[in-house]
Amino acid sequence: MKVIKRREFLGGICALGSVALPGCRLFTGADADYDDRLSVFLSDLHLRADSYQERLFAGIVAEVLRLDPLPRRAVVFGDIAYQSGEPVDYRASAPYFKQLNDAGIDVIFGMGNHDRRSGFWEVHPECRERNLLPGKVVMSISGPDADIVMLDEPTNNLDIESIYRS
C-alpha cells in the first residue's frame with residue numbers, strides 16, 4: 001500500500017475540484033442548488049490580515065460560491081492561522097467562513113500545527129457547541145456517503161467510536 005503525503009492528496013482533490021469551475025455561476029441567495037455529495041477541502045491557509053494569503057483565500061471562497069451546484073460542506077484541515085494562532089489571524093479568515101456559512105455551506109474545522117485553540121475559540125465561540133471533546137477541537141459532519149470526524153492532535157487512549165456516538 002502506497003502512503004501519500006497530505007499535500008499530495010489535497011493537491012489531487014483540488015485538481016479534481018477545478019474541473020467543475022468552468023460552468024460556475026455566482027451564488028445569489030436562497031435559490032441555490034446544493035450537492036449533498038460535494039465537499040470542499042481547505043488546508044494550510046496561513047491567513048493574516050491584508051496579506052497575499054488573504055487575497056488568495058478571498059478568491060477561493062468566491063470560486064466556491066460560484067459553483068453550481070454548491071457544495072454542502074467545507075472541511076478545513078488546519079493551519080488557518082498565519083504563524084502562531086493569534087486571534088488576529090482567525091479574525092482575518094472569519095468573514096470568509098461566514099460567507100460560506102451564509103451560503104448554506106456547513107464548515108467544519110480541524111487544527112494544524114500553526115493553530116492555537118485559545119485564539120480559535122476566541123474568534124469562533126459558536127464552534128464550541130459542535131465540539132465533541134472538551135479541551136480539544138474535535139468536530140464531525142455527516143454526508144450521504146461518508147461521515148467526517150476532524151480530530152485535534154493525537155491523544156493517548158482516545159476512543160474515536162465513543163466520541164462519534166455521543
# chains A, B, ... in the order shown; residues from 1 in each chain; ligands from 1

call {"tool": "residues_around", "arguments": {"residues": "His124 (chain A)", "least_positions_apart": "5", "cutoff": "9 Å", "atoms": "only C-alpha atoms", "output": "number ranges by chain"}}
result
A: 90-91, 94, 119

call {"tool": "write_last_selection", "arguments": {"atoms": "N, CA and C atoms", "output": "PDB file, in the first residue's frame"}}
result
ATOM      1  N   TYR A  90      -7.285  34.535  13.102  1.00  0.00           N
ATOM      2  CA  TYR A  90      -8.620  33.951  12.914  1.00  0.00           C
ATOM      3  C   TYR A  90      -9.638  35.016  12.521  1.00  0.00           C
ATOM      4  N   ARG A  91      -9.435  36.252  12.994  1.00  0.00           N
ATOM      5  CA  ARG A  91     -10.332  37.328  12.578  1.00  0.00           C
ATOM      6  C   ARG A  91     -10.205  37.595  11.080  1.00  0.00           C
ATOM      7  N   ALA A  94     -12.358  34.830   9.421  1.00  0.00           N
ATOM      8  CA  ALA A  94     -13.754  34.705   9.860  1.00  0.00           C
ATOM      9  C   ALA A  94     -14.772  35.223   8.839  1.00  0.00           C
ATOM     10  N   GLY A 119      -6.904  31.010  20.611  1.00  0.00           N
ATOM     11  CA  GLY A 119      -7.200  32.024  19.603  1.00  0.00           C
ATOM     12  C   GLY A 119      -8.385  31.641  18.734  1.00  0.00           C
TER      13      GLY A 119
END

call {"tool": "residues_around", "arguments": {"residues": "Ala92 (chain A)", "least_positions_apart": "6", "cutoff": "7 Å", "atoms": "only C-alpha atoms", "output": "ChimeraX atom specification"}}
result
/A:47-49

call {"tool": "closest_residue", "arguments": {"among": "A:Met150, A:Val61, A:Ile105, A:Ala81", "to": "Arg117 (chain A)", "atoms": "only C-alpha atoms"}}
result
A:Ala81

call {"tool": "closest_residue", "arguments": {"among": "A:Phe120, A:Tyr82, A:Phe41, A:Tyr34", "to": "Gly104 (chain A)", "atoms": "only C-alpha atoms"}}
result
A:Tyr34

call {"tool": "residues_around", "arguments": {"residues": "region 38-40 of chain A", "least_positions_apart": "2", "cutoff": "10 Å", "atoms": "only C-alpha atoms", "output": "short mmCIF file (atom, residue, chain, number, x, y, z; two decimals) with N, CA and C atoms, in the first residue's frame"}}
result
data_model
loop_
_atom_site.label_atom_id
_atom_site.label_comp_id
_atom_site.auth_asym_id
_atom_site.auth_seq_id
_atom_site.Cartn_x
_atom_site.Cartn_y
_atom_site.Cartn_z
N ILE A 13 -7.19 16.38 -4.84
CA ILE A 13 -8.59 16.79 -4.61
C ILE A 13 -8.84 18.14 -5.25
N CYS A 14 -7.90 19.08 -5.08
CA CYS A 14 -8.07 20.40 -5.67
C CYS A 14 -8.10 20.32 -7.19
N GLY A 17 -11.48 19.12 -8.16
CA GLY A 17 -12.47 20.16 -7.94
C GLY A 17 -12.42 21.25 -8.99
N TYR A 34 -27.81 22.62 -4.11
CA TYR A 34 -26.70 22.01 -3.37
C TYR A 34 -26.52 20.58 -3.81
N ASP A 35 -25.29 20.12 -3.75
CA ASP A 35 -24.98 18.71 -3.98
C ASP A 35 -24.52 18.14 -2.65
N ASP A 36 -25.33 17.28 -2.06
CA ASP A 36 -25.00 16.70 -0.77
C ASP A 36 -23.75 15.84 -0.81
N LEU A 42 -10.15 22.42 2.41
CA LEU A 42 -9.25 23.56 2.53
C LEU A 42 -8.17 23.22 3.55
N VAL A 64 -15.73 29.04 -4.88
CA VAL A 64 -16.62 28.06 -4.26
C VAL A 64 -18.06 28.54 -4.37
N PRO A 69 -23.90 22.90 -8.82
CA PRO A 69 -24.48 23.25 -7.53
C PRO A 69 -23.39 23.57 -6.49
N LEU A 70 -23.83 24.17 -5.40
CA LEU A 70 -22.93 24.49 -4.29
C LEU A 70 -22.61 23.23 -3.50
N PRO A 71 -21.41 23.17 -2.93
CA PRO A 71 -21.10 22.04 -2.04
C PRO A 71 -21.90 22.17 -0.75
N ARG A 72 -22.20 21.07 -0.13
CA ARG A 72 -22.95 21.09 1.13
C ARG A 72 -22.03 21.39 2.31
N ARG A 73 -20.73 21.10 2.17
CA ARG A 73 -19.83 21.26 3.31
C ARG A 73 -18.45 21.71 2.85
N ALA A 74 -17.74 22.39 3.77
CA ALA A 74 -16.34 22.75 3.58
C ALA A 74 -15.58 22.20 4.78
N VAL A 75 -14.52 21.46 4.51
CA VAL A 75 -13.72 20.83 5.55
C VAL A 75 -12.37 21.54 5.59
N VAL A 76 -12.05 22.13 6.73
CA VAL A 76 -10.81 22.88 6.90
C VAL A 76 -9.84 22.01 7.70
N ILE A 105 -23.39 26.54 3.30
CA ILE A 105 -22.31 25.55 3.29
C ILE A 105 -21.85 25.34 4.72
N ASP A 106 -21.92 24.12 5.20
CA ASP A 106 -21.52 23.79 6.56
C ASP A 106 -20.00 23.71 6.62
N VAL A 107 -19.38 24.43 7.56
CA VAL A 107 -17.92 24.45 7.69
C VAL A 107 -17.52 23.69 8.94
N GLY A 143 -22.35 13.08 5.85
CA GLY A 143 -22.72 13.20 4.46
C GLY A 143 -23.49 11.98 4.03
N PRO A 144 -24.01 11.96 2.81
CA PRO A 144 -24.80 10.82 2.37
C PRO A 144 -23.98 9.54 2.19
#

call {"tool": "closest_residue", "arguments": {"among": "A:Glu54, A:Glu86, A:Asp147, A:Asp102", "to": "Arg116 (chain A)", "atoms": "only C-alpha atoms"}}
result
A:Glu86

call {"tool": "atom_distance", "arguments": {"atom1": "CA of Pro125 (chain A)", "atom2": "CA of Val138 (chain A)"}}
result
13.8 Å

call {"tool": "atom_distance", "arguments": {"atom1": "CA of Met139 (chain A)", "atom2": "CA of Ala62 (chain A)"}}
result
24.9 Å
